[in-house]
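The structure file input-v1.csv is reproduced below (CSV, C-alpha atoms and all ligand atoms).
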```csv
chain,number,residue,atom,x,y,z
O,1,MET,CA,28.2,65.4,-26.4
O,2,LYS,CA,30.3,65.3,-23.3
O,3,GLN,CA,28.1,67.8,-21.7
O,4,TRP,CA,25.0,65.6,-22.2
O,5,ILE,CA,26.9,62.6,-20.9
O,6,ASP,CA,27.7,64.6,-17.7
O,7,ILE,CA,24.1,65.6,-17.3
O,8,LEU,CA,23.0,62.0,-17.9
O,9,ARG,CA,25.4,60.9,-15.2
O,10,GLN,CA,24.1,63.5,-12.7
O,11,SER,CA,20.4,63.4,-13.5
O,12,HIS,CA,20.0,60.0,-15.0
O,13,GLN,CA,17.9,61.6,-17.7
O,14,ILE,CA,18.3,62.3,-21.3
O,15,SER,CA,16.0,63.6,-24.1
O,16,ASP,CA,15.1,61.6,-27.2
O,17,GLU,CA,17.1,64.0,-29.4
O,18,GLU,CA,20.2,63.6,-27.3
O,19,LEU,CA,19.7,59.8,-27.3
O,20,ILE,CA,19.6,59.7,-31.0
O,21,GLN,CA,22.8,61.7,-31.2
O,22,LEU,CA,24.5,59.4,-28.7
O,23,LEU,CA,23.4,56.2,-30.3
O,24,THR,CA,24.5,57.4,-33.8
O,25,CYS,CA,27.6,59.3,-32.8
O,26,THR,CA,30.8,58.4,-34.7
O,27,ASP,CA,33.2,60.5,-32.6
O,28,ALA,CA,35.4,57.9,-30.8
O,29,ASP,CA,36.4,60.4,-28.1
O,30,SER,CA,32.8,61.0,-27.1
O,31,ILE,CA,32.1,57.3,-27.0
O,32,ASP,CA,35.2,56.7,-25.0
O,33,TYR,CA,34.1,59.3,-22.6
O,34,LEU,CA,30.6,57.7,-22.3
O,35,HIS,CA,32.2,54.3,-21.4
O,36,ARG,CA,34.5,55.9,-18.9
O,37,GLN,CA,31.7,57.7,-17.1
O,38,ALA,CA,29.7,54.5,-17.0
O,39,GLN,CA,32.6,52.6,-15.7
O,40,GLU,CA,33.2,55.1,-13.0
O,41,VAL,CA,29.5,54.9,-11.9
O,42,ALA,CA,29.7,51.1,-11.8
O,43,LEU,CA,32.9,51.3,-9.7
O,44,SER,CA,31.3,53.8,-7.3
O,45,HIS,CA,28.5,51.3,-6.7
O,46,PHE,CA,30.1,47.9,-6.9
O,47,GLY,CA,33.9,48.5,-6.7
O,48,TYR,CA,35.9,46.1,-8.8
O,49,ASN,CA,33.6,43.3,-7.9
O,50,ILE,CA,31.9,41.2,-10.6
O,51,TYR,CA,29.0,39.1,-9.4
O,52,ILE,CA,28.8,35.6,-10.8
O,53,ARG,CA,25.5,33.7,-11.5
O,54,GLY,CA,25.5,30.0,-12.2
O,55,LEU,CA,23.4,29.4,-15.4
O,56,ILE,CA,21.6,26.1,-15.6
O,57,GLU,CA,19.9,25.6,-19.0
O,58,ILE,CA,17.2,23.3,-17.7
O,59,SER,CA,15.4,22.5,-21.0
O,60,ASN,CA,15.6,23.3,-24.7
O,61,CYS,CA,12.0,22.2,-25.4
O,62,CYS,CA,9.9,25.2,-26.2
O,63,ARG,CA,6.3,25.6,-27.2
O,64,ASN,CA,7.1,29.0,-28.8
O,65,ASP,CA,8.4,29.8,-32.3
O,66,CYS,CA,10.3,33.1,-31.9
O,67,TYR,CA,11.8,33.7,-35.4
O,68,TYR,CA,15.2,34.5,-34.0
O,69,CYS,CA,15.7,31.7,-31.6
O,70,GLY,CA,17.6,28.4,-32.3
O,71,ILE,CA,15.5,26.4,-29.9
O,72,ARG,CA,12.2,27.5,-31.5
O,73,LYS,CA,9.7,24.7,-31.8
O,74,SER,CA,9.9,24.5,-35.6
O,75,ASN,CA,13.6,23.8,-35.6
O,76,THR,CA,13.7,20.0,-36.2
O,77,ASN,CA,17.5,20.0,-36.1
O,78,VAL,CA,17.6,20.4,-32.3
O,79,ASP,CA,18.4,17.5,-30.1
O,80,ARG,CA,15.8,18.2,-27.4
O,81,TYR,CA,16.6,17.6,-23.8
O,82,ARG,CA,15.2,18.4,-20.4
O,83,LEU,CA,17.3,18.0,-17.2
O,84,SER,CA,15.8,16.0,-14.4
O,85,ARG,CA,15.3,17.5,-11.0
O,86,GLU,CA,18.3,15.4,-9.8
O,87,GLN,CA,20.5,16.8,-12.6
O,88,ILE,CA,19.5,20.3,-11.7
O,89,LEU,CA,20.3,19.7,-8.0
O,90,GLU,CA,23.6,18.2,-9.0
O,91,CYS,CA,24.4,21.4,-11.0
O,92,CYS,CA,23.5,23.5,-7.9
O,93,ALA,CA,25.7,21.2,-5.7
O,94,GLN,CA,28.7,21.7,-8.1
O,95,GLY,CA,28.0,25.4,-8.4
O,96,TYR,CA,27.8,25.8,-4.6
O,97,LYS,CA,31.2,24.1,-4.2
O,98,LEU,CA,32.7,26.4,-6.7
O,99,GLY,CA,31.4,29.4,-4.8
O,100,PHE,CA,28.2,30.3,-6.7
O,101,ARG,CA,25.5,31.8,-4.5
O,102,THR,CA,23.0,32.5,-7.3
O,103,PHE,CA,21.5,29.8,-9.5
O,104,VAL,CA,19.8,30.9,-12.7
O,105,MET,CA,17.4,28.4,-14.2
O,106,GLN,CA,16.8,29.2,-17.9
O,107,GLY,CA,14.9,27.3,-20.5
O,108,GLY,CA,12.2,27.1,-23.2
O,109,GLU,CA,8.6,27.3,-22.3
O,110,ASP,CA,8.3,23.5,-21.7
O,111,ARG,CA,5.0,21.8,-21.2
O,112,VAL,CA,6.6,18.8,-19.4
O,113,GLN,CA,8.6,20.8,-16.9
O,114,ASN,CA,5.2,22.3,-15.9
O,115,ALA,CA,4.2,24.6,-13.1
O,116,ASP,CA,3.9,21.8,-10.5
O,117,TRP,CA,7.3,20.4,-11.4
O,118,LEU,CA,9.0,23.8,-11.4
O,119,ILE,CA,7.4,24.7,-8.0
O,120,ALA,CA,8.6,21.5,-6.5
O,121,THR,CA,12.1,22.0,-8.0
O,122,VAL,CA,12.4,25.6,-6.7
O,123,LYS,CA,11.2,24.4,-3.3
O,124,GLU,CA,13.9,21.8,-3.1
O,125,ILE,CA,16.7,24.1,-4.2
O,126,ARG,CA,15.5,26.7,-1.6
O,127,SER,CA,15.5,24.1,1.2
O,128,ASN,CA,19.0,22.8,0.2
O,129,TYR,CA,20.5,26.3,-0.3
O,130,PRO,CA,18.8,28.8,2.0
O,131,ASP,CA,21.7,31.3,1.5
O,132,CYS,CA,21.5,31.3,-2.3
O,133,ALA,CA,19.4,33.5,-4.7
O,134,ILE,CA,17.3,31.6,-7.2
O,135,THR,CA,16.7,33.3,-10.5
O,136,LEU,CA,14.3,32.0,-13.1
O,137,SER,CA,14.2,32.8,-16.8
O,138,LEU,CA,11.5,30.5,-18.1
O,139,GLY,CA,9.2,32.8,-20.1
O,140,GLU,CA,5.6,33.8,-19.6
O,141,MET,CA,3.4,32.0,-17.1
O,142,PRO,CA,0.0,32.7,-15.4
O,143,ARG,CA,0.2,35.1,-12.4
O,144,GLU,CA,-0.7,32.3,-9.9
O,145,VAL,CA,2.3,30.3,-11.1
O,146,TYR,CA,4.7,33.3,-10.8
O,147,GLN,CA,3.2,33.9,-7.3
O,148,GLN,CA,3.7,30.3,-6.2
O,149,LEU,CA,7.3,30.2,-7.5
O,150,PHE,CA,8.0,33.4,-5.5
O,151,GLU,CA,6.4,31.9,-2.4
O,152,VAL,CA,8.4,28.7,-2.5
O,153,GLY,CA,11.6,30.7,-2.7
O,154,ALA,CA,12.5,32.1,-6.2
O,155,ASN,CA,13.8,35.7,-5.8
O,156,ARG,CA,14.5,37.0,-9.3
O,157,TYR,CA,13.0,36.6,-12.7
O,158,LEU,CA,14.6,37.5,-16.1
O,159,LEU,CA,12.2,38.2,-18.9
O,160,ARG,CA,13.4,40.3,-21.8
O,161,HIS,CA,10.7,42.3,-23.3
O,162,GLU,CA,12.7,42.0,-26.6
O,163,THR,CA,11.2,45.2,-28.1
O,164,TYR,CA,8.7,47.8,-26.9
O,165,ASP,CA,7.3,48.4,-30.3
O,166,GLU,CA,4.3,46.2,-31.0
O,167,LYS,CA,4.8,46.1,-34.8
O,168,HIS,CA,8.5,45.2,-34.3
O,169,TYR,CA,7.5,42.6,-31.8
O,170,ASN,CA,5.2,41.0,-34.4
O,171,GLN,CA,8.1,41.0,-36.9
O,172,LEU,CA,10.1,38.9,-34.4
O,173,HIS,CA,7.4,36.6,-33.2
O,174,PRO,CA,4.5,34.5,-34.7
O,175,LYS,CA,1.0,35.8,-34.2
O,176,GLU,CA,0.3,33.3,-31.4
O,177,MET,CA,2.6,35.4,-29.2
O,178,SER,CA,1.4,38.6,-27.7
O,179,PHE,CA,3.3,41.8,-27.1
O,180,ASP,CA,0.8,42.9,-24.5
O,181,HIS,CA,1.1,39.6,-22.6
O,182,ARG,CA,4.9,39.9,-22.5
O,183,ILE,CA,4.6,43.4,-21.0
O,184,VAL,CA,1.8,42.4,-18.6
O,185,SER,CA,3.9,39.4,-17.4
O,186,LEU,CA,6.8,41.8,-16.6
O,187,ARG,CA,4.6,44.1,-14.6
O,188,THR,CA,3.1,41.1,-12.8
O,189,LEU,CA,6.6,39.9,-11.8
O,190,LYS,CA,7.4,43.3,-10.4
O,191,GLU,CA,4.2,43.5,-8.5
O,192,ILE,CA,4.7,40.1,-6.9
O,193,GLY,CA,8.1,41.3,-5.6
O,194,PHE,CA,10.6,39.5,-7.9
O,195,GLN,CA,13.8,41.4,-8.6
O,196,THR,CA,12.9,41.7,-12.2
O,197,GLY,CA,15.1,41.8,-15.2
O,198,THR,CA,14.2,42.8,-18.7
O,199,GLY,CA,16.1,43.7,-21.9
O,200,ILE,CA,16.5,43.5,-25.6
O,201,MET,CA,18.7,42.0,-28.3
O,202,VAL,CA,20.7,44.7,-30.0
O,203,GLY,CA,20.4,44.7,-33.7
O,204,SER,CA,17.4,42.3,-33.9
O,205,PRO,CA,16.0,42.2,-37.5
O,206,GLY,CA,14.0,45.3,-38.2
O,207,GLN,CA,15.2,47.2,-35.1
O,208,THR,CA,15.7,50.9,-35.5
O,209,ILE,CA,17.0,53.7,-33.3
O,210,ALA,CA,13.4,54.8,-32.7
O,211,HIS,CA,12.7,51.3,-31.3
O,212,ILE,CA,15.6,51.4,-29.0
O,213,ILE,CA,14.5,54.8,-27.6
O,214,LYS,CA,11.0,53.2,-26.9
O,215,ASP,CA,12.8,50.4,-25.1
O,216,ILE,CA,14.7,52.8,-23.0
O,217,ARG,CA,11.6,54.8,-22.1
O,218,PHE,CA,9.8,51.6,-21.2
O,219,MET,CA,12.7,50.6,-18.9
O,220,GLU,CA,12.6,54.1,-17.3
O,221,GLU,CA,9.0,53.4,-16.4
O,222,LEU,CA,9.4,49.7,-15.3
O,223,GLN,CA,12.6,50.4,-13.3
O,224,PRO,CA,13.9,46.9,-13.7
O,225,GLN,CA,16.5,45.6,-11.1
O,226,MET,CA,18.4,43.8,-13.9
O,227,ILE,CA,18.9,44.7,-17.5
O,228,GLY,CA,20.1,42.0,-20.0
O,229,ILE,CA,21.2,43.2,-23.3
O,230,GLY,CA,23.3,41.4,-25.9
O,231,PRO,CA,23.7,41.5,-29.6
O,232,PHE,CA,21.3,39.5,-31.8
O,233,ILE,CA,23.2,36.7,-33.4
O,234,PRO,CA,21.6,34.7,-36.3
O,235,HIS,CA,21.0,31.0,-35.9
O,236,LYS,CA,21.4,28.9,-39.1
O,237,ASP,CA,18.1,27.0,-38.7
O,238,THR,CA,15.8,30.0,-38.1
O,239,PRO,CA,14.0,32.3,-40.5
O,240,PHE,CA,16.6,34.9,-39.6
O,241,ALA,CA,19.5,32.7,-40.7
O,242,GLN,CA,20.7,35.3,-43.2
O,243,ALA,CA,20.2,38.4,-41.0
O,244,GLN,CA,23.2,40.5,-39.9
O,245,ALA,CA,24.4,40.1,-36.3
O,246,GLY,CA,23.9,43.1,-34.0
O,247,SER,CA,26.7,45.5,-33.4
O,248,VAL,CA,29.1,44.9,-30.4
O,249,GLU,CA,29.8,48.7,-30.4
O,250,LEU,CA,26.1,49.6,-30.1
O,251,THR,CA,25.6,47.0,-27.4
O,252,LEU,CA,28.5,48.5,-25.4
O,253,ARG,CA,27.1,52.0,-25.9
O,254,LEU,CA,23.7,50.8,-24.6
O,255,ILE,CA,25.3,49.2,-21.5
O,256,SER,CA,26.9,52.5,-20.7
O,257,ILE,CA,23.7,54.5,-21.2
O,258,PHE,CA,21.8,52.0,-19.0
O,259,ARG,CA,24.5,52.2,-16.3
O,260,LEU,CA,24.2,56.0,-16.3
O,261,MET,CA,20.4,55.9,-16.2
O,262,PHE,CA,20.1,53.2,-13.7
O,263,PRO,CA,23.3,53.3,-11.5
O,264,SER,CA,22.4,50.4,-9.2
O,265,THR,CA,21.0,48.1,-11.7
O,266,LEU,CA,22.6,44.7,-12.2
O,267,ILE,CA,23.8,44.5,-15.8
O,268,PRO,CA,25.4,41.3,-17.1
O,269,SER,CA,28.2,41.3,-19.7
O,270,THR,CA,26.3,38.7,-21.7
O,271,THR,CA,27.3,35.4,-23.3
O,272,ALA,CA,26.1,36.8,-26.7
O,273,LEU,CA,28.6,39.7,-26.3
O,274,ALA,CA,31.4,37.2,-25.4
O,275,SER,CA,30.4,34.9,-28.3
O,276,LEU,CA,30.6,37.7,-30.9
O,277,SER,CA,33.8,39.3,-29.8
O,278,LYS,CA,36.9,37.7,-28.3
O,279,ASP,CA,37.2,40.4,-25.6
O,280,GLY,CA,33.5,41.1,-25.5
O,281,ARG,CA,33.0,40.1,-21.9
O,282,GLU,CA,35.8,42.4,-20.7
O,283,ARG,CA,34.6,45.3,-22.9
O,284,GLY,CA,31.1,44.9,-21.4
O,285,ILE,CA,32.6,45.3,-17.9
O,286,LEU,CA,34.7,48.3,-18.9
O,287,ALA,CA,31.5,49.8,-20.3
O,288,GLY,CA,29.7,49.5,-17.0
O,289,ALA,CA,28.4,45.9,-16.7
O,290,ASN,CA,28.9,44.2,-13.3
O,291,VAL,CA,27.6,40.6,-13.7
O,292,VAL,CA,28.7,37.5,-15.6
O,293,MET,CA,26.8,34.2,-15.8
O,294,PRO,CA,29.0,31.2,-16.3
O,295,ASN,CA,27.4,28.1,-17.6
O,296,LEU,CA,26.7,25.4,-14.9
O,297,SER,CA,24.7,23.1,-17.2
O,298,PRO,CA,25.9,19.5,-17.8
O,299,VAL,CA,28.8,19.8,-20.3
O,300,ASP,CA,27.3,17.2,-22.7
O,301,GLN,CA,24.0,19.2,-23.1
O,302,ARG,CA,25.4,22.7,-23.6
O,303,LYS,CA,25.8,22.3,-27.3
O,304,ASN,CA,22.0,21.6,-27.5
O,305,TYR,CA,21.1,24.9,-25.9
O,306,SER,CA,22.1,26.6,-29.1
O,307,LEU,CA,20.2,29.9,-29.3
O,308,TYR,CA,22.5,31.3,-32.0
O,309,ASN,CA,25.5,30.3,-34.0
O,310,ASN,CA,28.8,29.7,-32.2
O,311,LYS,CA,27.4,30.4,-28.7
O,312,ALA,CA,30.2,30.3,-26.1
O,313,ALA,CA,29.7,27.7,-23.4
O,314,LEU,CA,33.2,26.6,-22.5
O,315,GLY,CA,36.4,28.3,-21.2
O,316,ALA,CA,35.6,31.5,-19.2
O,317,GLU,CA,32.0,31.2,-20.1
O,318,SER,CA,31.7,28.0,-18.1
O,319,ALA,CA,31.5,27.4,-14.4
O,320,GLU,CA,34.5,25.0,-14.5
O,321,GLY,CA,36.4,27.8,-16.2
O,322,LEU,CA,36.2,30.2,-13.2
O,323,LYS,CA,40.0,30.3,-12.9
O,324,LEU,CA,40.2,31.5,-16.4
O,325,LEU,CA,37.5,34.0,-15.9
O,326,SER,CA,39.2,35.2,-12.8
O,327,LEU,CA,42.5,35.7,-14.7
O,328,GLN,CA,40.7,37.6,-17.5
O,329,LEU,CA,39.0,39.8,-15.0
O,330,GLU,CA,42.3,40.4,-13.2
O,331,LYS,CA,43.9,41.6,-16.4
O,332,ILE,CA,41.4,44.5,-16.5
O,333,GLY,CA,41.7,45.1,-12.7
O,334,TYR,CA,38.5,43.3,-11.6
O,335,HIS,CA,37.8,40.2,-9.5
O,336,ILE,CA,35.0,37.7,-9.0
O,337,SER,CA,32.6,38.5,-6.1
O,338,TYR,CA,31.2,35.4,-4.4
O,339,ASP,CA,28.5,37.6,-2.8
O,340,ARG,CA,24.8,36.8,-3.7
O,341,GLY,CA,24.8,40.3,-5.3
O,342,ASP,CA,21.2,41.3,-4.7
O,343,PHE,CA,19.9,44.5,-6.1
O,344,ARG,CA,20.3,47.3,-3.6
O,345,LEU,CA,19.5,50.9,-4.0
O,346,HIS,CA,22.9,52.6,-3.5
O,347,THR,CA,23.3,56.3,-3.2
O,348,THR,CA,25.1,57.8,-6.2
O,349,ILE,CA,28.6,59.0,-5.5
O,401,LIG,N1,12.0,31.2,-22.7
O,401,LIG,C1,12.6,32.2,-21.9
O,401,LIG,C2,12.1,33.6,-22.4
O,401,LIG,O1,11.5,33.7,-23.4
O,401,LIG,O2,12.5,34.6,-21.8
O,401,LIG,C3,14.1,32.1,-21.7
O,401,LIG,C4,14.9,31.5,-22.8
O,401,LIG,S1,15.2,32.6,-24.1
O,401,LIG,C5,16.1,31.5,-25.2
O,401,LIG,C6,16.4,33.7,-23.5
O,401,LIG,C7,16.8,34.9,-24.3
O,401,LIG,O3,17.6,34.5,-25.4
O,401,LIG,C8,15.7,35.6,-25.0
O,401,LIG,O4,15.0,36.6,-24.2
O,401,LIG,C9,16.4,36.3,-26.2
O,401,LIG,O5,16.6,37.7,-26.0
O,401,LIG,C10,17.7,35.6,-26.3
O,401,LIG,N2,18.0,35.0,-27.6
O,401,LIG,C11,17.3,34.1,-28.3
O,401,LIG,N3,17.7,33.9,-29.5
O,401,LIG,C12,18.8,34.8,-29.7
O,401,LIG,C13,19.6,35.1,-30.8
O,401,LIG,N4,19.5,34.6,-32.0
O,401,LIG,N5,20.6,36.1,-30.6
O,401,LIG,C14,20.7,36.7,-29.3
O,401,LIG,N6,19.9,36.4,-28.3
O,401,LIG,C15,19.0,35.5,-28.5
```
Could you render the structure as structure tokens?
Amino acid sequence: MKQWIDILRQSHQISDEELIQLLTCTDADSIDYLHRQAQEVALSHFGYNIYIRGLIEISNCCRNDCYYCGIRKSNTNVDRYRLSREQILECCAQGYKLGFRTFVMQGGEDRVQNADWLIATVKEIRSNYPDCAITLSLGEMPREVYQQLFEVGANRYLLRHETYDEKHYNQLHPKEMSFDHRIVSLRTLKEIGFQTGTGIMVGSPGQTIAHIIKDIRFMEELQPQMIGIGPFIPHKDTPFAQAQAGSVELTLRLISIFRLMFPSTLIPSTTALASLSKDGRERGILAGANVVMPNLSPVDQRKNYSLYNNKAALGAESAEGLKLLSLQLEKIGYHISYDRGDFRLHTTI
């Protein structure tokens, strides 16, 4: 096993058979070795710096009905909200003061915060904060809209493909949603020039090791600049309320594999990881992640952006908790980097 991990580190390549062994391995020493190699690679690229992104959850209104998601349109127990442009700009102002130089606007696919509204909002953020990166995570849109958002100043776009197996995709989404469209959207984002992020939920209902291997092969082909992976966590008001949560261990293992395959890629230690395990954020970093995304949304709305049960939004998960985050990072030898932290191709050491 260690031999394959060494080869993966050097060549960034691994066969399907070796991946199966690595993903199902129960030997603690080998897994420990995998995490250490991934951490070393992350250190050689980013040092002990952890980039921070200020997450602004702009709306929990969504026209989609993904079976796993707490803000799906059929969930009538959600208190729906949308932030006004002024509220979003206020979040940016607070974030800027705290040292954030990336703002991530995430939300449901909302018909009211439509293309024109979003374009005008991004334009205003860009003009107020020329030195900041603007990341969007707002789902699927027509090419022209992505293009205009890019032209008015958005730099990055996060759109998890969720699964690269069409059948599995259809187990997770209603028939109105299209696997092909998701994948085309990702390719479009890349073509336009966005730093593009994709990813999966680990342990989503019906997911198999074969699916994960397909995901990895897709990512090899797409070469995303960011990879967002976190465990699936059930939400009580969804069709998957009774499903098992994904495994923290498997999520960490995948973070390490992705770090070895894509050394320069930006990989967050996700909120879902921190929500499922007390030291999940730190363990993600020790497994090779190099980004965290504290929550900058107005405190009174955070509980309404409930994608899954017990989602962390306070303490070190929050922008106002940066000191706590900083202390937690210090304990494992890392510190916050206030750099914009764009994707750069580094040479592997
Ligand atoms: N609407 C945008 C989109 O579809 O990309 C962004 C918002 S969506 C809520 C952001 C991500 O949350 C999804 O890509 C999904 O992977 C994740 N998510 C949703 N429900 C989840 C759950 N129950 N457990 C873990 N992650 C979840």
Env. residues ligand LIG 401 (chain O) / 8 Å / only C-alpha atoms and all ligand atoms / as a PyMOL selection string: chain O and resi 62+66+68-71+106-109+137-140+158-162+199-201+204+229-235+245+272+307-309
Write out as a ChimeraX atom specification the residues lying within 12 Å of Arg281 of chain O, counting only C-alpha atoms and excluding same-chain residues fewer than 3 positions away. /O:50,230,248,251-252,255,267-278,284-294,312,316-317,325,328-329,332
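Using only C-alpha atoms, the contacts of Glu40 of chain O at a cut-off of 12 Å, with sequence neighbours closer than 5 positions omitted, comprise O:Asp6, O:Arg9, O:Tyr33, O:Leu34, O:His35, O:His45, O:Phe46, O:Gly47, O:Tyr48, O:Ser256, O:Arg259, O:Leu260, O:Pro263, O:Ile285, O:Leu286, O:Ala287, O:Gly288, O:Ala289, O:Asn290, O:Thr348, O:Ile349.
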Selection export as a PDB file, keeping the file's coordinate frame, atoms kept: C-alpha atoms:
```
ATOM      1  CA  ASP O   6      27.700  64.600 -17.700  1.00  0.00           C
ATOM      2  CA  ARG O   9      25.400  60.900 -15.200  1.00  0.00           C
ATOM      3  CA  TYR O  33      34.100  59.300 -22.600  1.00  0.00           C
ATOM      4  CA  LEU O  34      30.600  57.700 -22.300  1.00  0.00           C
ATOM      5  CA  HIS O  35      32.200  54.300 -21.400  1.00  0.00           C
ATOM      6  CA  HIS O  45      28.500  51.300  -6.700  1.00  0.00           C
ATOM      7  CA  PHE O  46      30.100  47.900  -6.900  1.00  0.00           C
ATOM      8  CA  GLY O  47      33.900  48.500  -6.700  1.00  0.00           C
ATOM      9  CA  TYR O  48      35.900  46.100  -8.800  1.00  0.00           C
ATOM     10  CA  SER O 256      26.900  52.500 -20.700  1.00  0.00           C
ATOM     11  CA  ARG O 259      24.500  52.200 -16.300  1.00  0.00           C
ATOM     12  CA  LEU O 260      24.200  56.000 -16.300  1.00  0.00           C
ATOM     13  CA  PRO O 263      23.300  53.300 -11.500  1.00  0.00           C
ATOM     14  CA  ILE O 285      32.600  45.300 -17.900  1.00  0.00           C
ATOM     15  CA  LEU O 286      34.700  48.300 -18.900  1.00  0.00           C
ATOM     16  CA  ALA O 287      31.500  49.800 -20.300  1.00  0.00           C
ATOM     17  CA  GLY O 288      29.700  49.500 -17.000  1.00  0.00           C
ATOM     18  CA  ALA O 289      28.400  45.900 -16.700  1.00  0.00           C
ATOM     19  CA  ASN O 290      28.900  44.200 -13.300  1.00  0.00           C
ATOM     20  CA  THR O 348      25.100  57.800  -6.200  1.00  0.00           C
ATOM     21  CA  ILE O 349      28.600  59.000  -5.500  1.00  0.00           C
TER      22      ILE O 349
END
```
For Ser185 of chain O, list every protein, DNA or RNA residue within 12 Å, evaluated using all atoms listed in the file, and leave out those in the same chain fewer than 3 positions away; present the list as a ChimeraX atom specification. /O:138-147,157-161,178-182,188-192,194,196-198,222
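For the choices O:Leu324, O:Leu23, O:Leu8, O:Ile88, the atom-to-atom distance to Val202 of chain O is smallest for O:Leu23 when using all atoms listed in the file.
Closest approach to Gln244 of chain O among O:Pro205, O:Ile216, O:Gly321, O:Met1: O:Pro205, based on all atoms listed in the file.
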Work out how far apart atom CA of Tyr81 of chain O and atom CA of Glu320 of chain O are and give it in Å to one decimal. 21.5 Å
Please report the interatomic distance between atom CA of Asn75 of chain O and atom CA of Val112 of chain O in Å with one decimal. 18.3 Å
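Distances here use all atoms listed in the file; by that measure, the residue among O:Leu19, O:Leu89, O:Leu98, O:Ala210 closest to Leu322 of chain O is O:Leu98.
The coordinates place atom CA of Ile20 of chain O at 6.9 Å from atom CA of Ile209 of chain O.
Proximity to Asn60 of chain O was assessed for O:Asp342, O:Asp32, O:Glu124, O:Asp110 counting all atoms listed in the file; the smallest distance is recorded for O:Asp110.
Ranking O:Val184, O:Ala115, O:Ile212, O:Ala154 by their shortest atom-to-atom distance to Ser127 of chain O, with all atoms listed in the file included, puts O:Ala154 first.
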Starting from 5 Å padding per side, set up an axis-aligned box that covers all listed atoms of segment 23-39 of chain O and hand over centre and edge lengths in Å, one decimal, as AutoDock Vina command-line options.
```
--center_x 29.9 --center_y 56.8 --center_z -25.2 --size_x 23.0 --size_y 18.4 --size_z 29.0
```
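Of the listed residues (O:Cys132, O:Tyr164, O:Asp27, O:Gly228), O:Cys132 comes nearest to Arg340 of chain O; the distances count all atoms listed in the file.
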Report as JSON, numbers by chain all protein, DNA and RNA residues lying within 7 Å of Ala313 of chain O, evaluated on only C-alpha atoms, omitting residues in the same chain fewer than 5 positions from it. {"O": [295, 302, 318]}
Spatial neighbours of Glu90 of chain O, 10 Å, all atoms listed in the file, chain gap at least 4 places, as a VMD selection string: chain O and resid 84 to 86 94 to 96 296 to 298
Mind filling out segment 180-189 of chain O with N, CA, C and O atoms and sending it as a PDB file, in the coordinates of the input?
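Just written: out11.pdb:
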```pdb
ATOM      1  N   ASP O 180       1.407  42.409 -25.723  1.00  0.00           N
ATOM      2  CA  ASP O 180       0.800  42.900 -24.500  1.00  0.00           C
ATOM      3  C   ASP O 180       0.993  41.870 -23.350  1.00  0.00           C
ATOM      4  O   ASP O 180       1.252  42.252 -22.219  1.00  0.00           O
ATOM      5  N   HIS O 181       0.922  40.590 -23.690  1.00  0.00           N
ATOM      6  CA  HIS O 181       1.100  39.600 -22.600  1.00  0.00           C
ATOM      7  C   HIS O 181       2.491  39.607 -22.065  1.00  0.00           C
ATOM      8  O   HIS O 181       2.713  39.427 -20.858  1.00  0.00           O
ATOM      9  N   ARG O 182       3.466  39.837 -22.948  1.00  0.00           N
ATOM     10  CA  ARG O 182       4.900  39.900 -22.500  1.00  0.00           C
ATOM     11  C   ARG O 182       5.008  41.057 -21.468  1.00  0.00           C
ATOM     12  O   ARG O 182       5.606  40.899 -20.409  1.00  0.00           O
ATOM     13  N   ILE O 183       4.435  42.192 -21.826  1.00  0.00           N
ATOM     14  CA  ILE O 183       4.600  43.400 -21.000  1.00  0.00           C
ATOM     15  C   ILE O 183       3.808  43.196 -19.662  1.00  0.00           C
ATOM     16  O   ILE O 183       4.309  43.510 -18.581  1.00  0.00           O
ATOM     17  N   VAL O 184       2.607  42.630 -19.778  1.00  0.00           N
ATOM     18  CA  VAL O 184       1.800  42.400 -18.600  1.00  0.00           C
ATOM     19  C   VAL O 184       2.582  41.417 -17.647  1.00  0.00           C
ATOM     20  O   VAL O 184       2.625  41.595 -16.424  1.00  0.00           O
ATOM     21  N   SER O 185       3.201  40.409 -18.244  1.00  0.00           N
ATOM     22  CA  SER O 185       3.900  39.400 -17.400  1.00  0.00           C
ATOM     23  C   SER O 185       5.050  40.140 -16.640  1.00  0.00           C
ATOM     24  O   SER O 185       5.268  39.845 -15.460  1.00  0.00           O
ATOM     25  N   LEU O 186       5.728  41.069 -17.301  1.00  0.00           N
ATOM     26  CA  LEU O 186       6.800  41.800 -16.600  1.00  0.00           C
ATOM     27  C   LEU O 186       6.272  42.619 -15.452  1.00  0.00           C
ATOM     28  O   LEU O 186       6.850  42.633 -14.363  1.00  0.00           O
ATOM     29  N   ARG O 187       5.164  43.277 -15.701  1.00  0.00           N
ATOM     30  CA  ARG O 187       4.600  44.100 -14.600  1.00  0.00           C
ATOM     31  C   ARG O 187       4.146  43.223 -13.463  1.00  0.00           C
ATOM     32  O   ARG O 187       4.319  43.567 -12.289  1.00  0.00           O
ATOM     33  N   THR O 188       3.578  42.048 -13.802  1.00  0.00           N
ATOM     34  CA  THR O 188       3.100  41.100 -12.800  1.00  0.00           C
ATOM     35  C   THR O 188       4.310  40.669 -11.898  1.00  0.00           C
ATOM     36  O   THR O 188       4.216  40.628 -10.670  1.00  0.00           O
ATOM     37  N   LEU O 189       5.397  40.315 -12.568  1.00  0.00           N
ATOM     38  CA  LEU O 189       6.600  39.900 -11.800  1.00  0.00           C
ATOM     39  C   LEU O 189       7.026  40.912 -10.822  1.00  0.00           C
ATOM     40  O   LEU O 189       7.351  40.613  -9.670  1.00  0.00           O
TER      41      LEU O 189
END
```
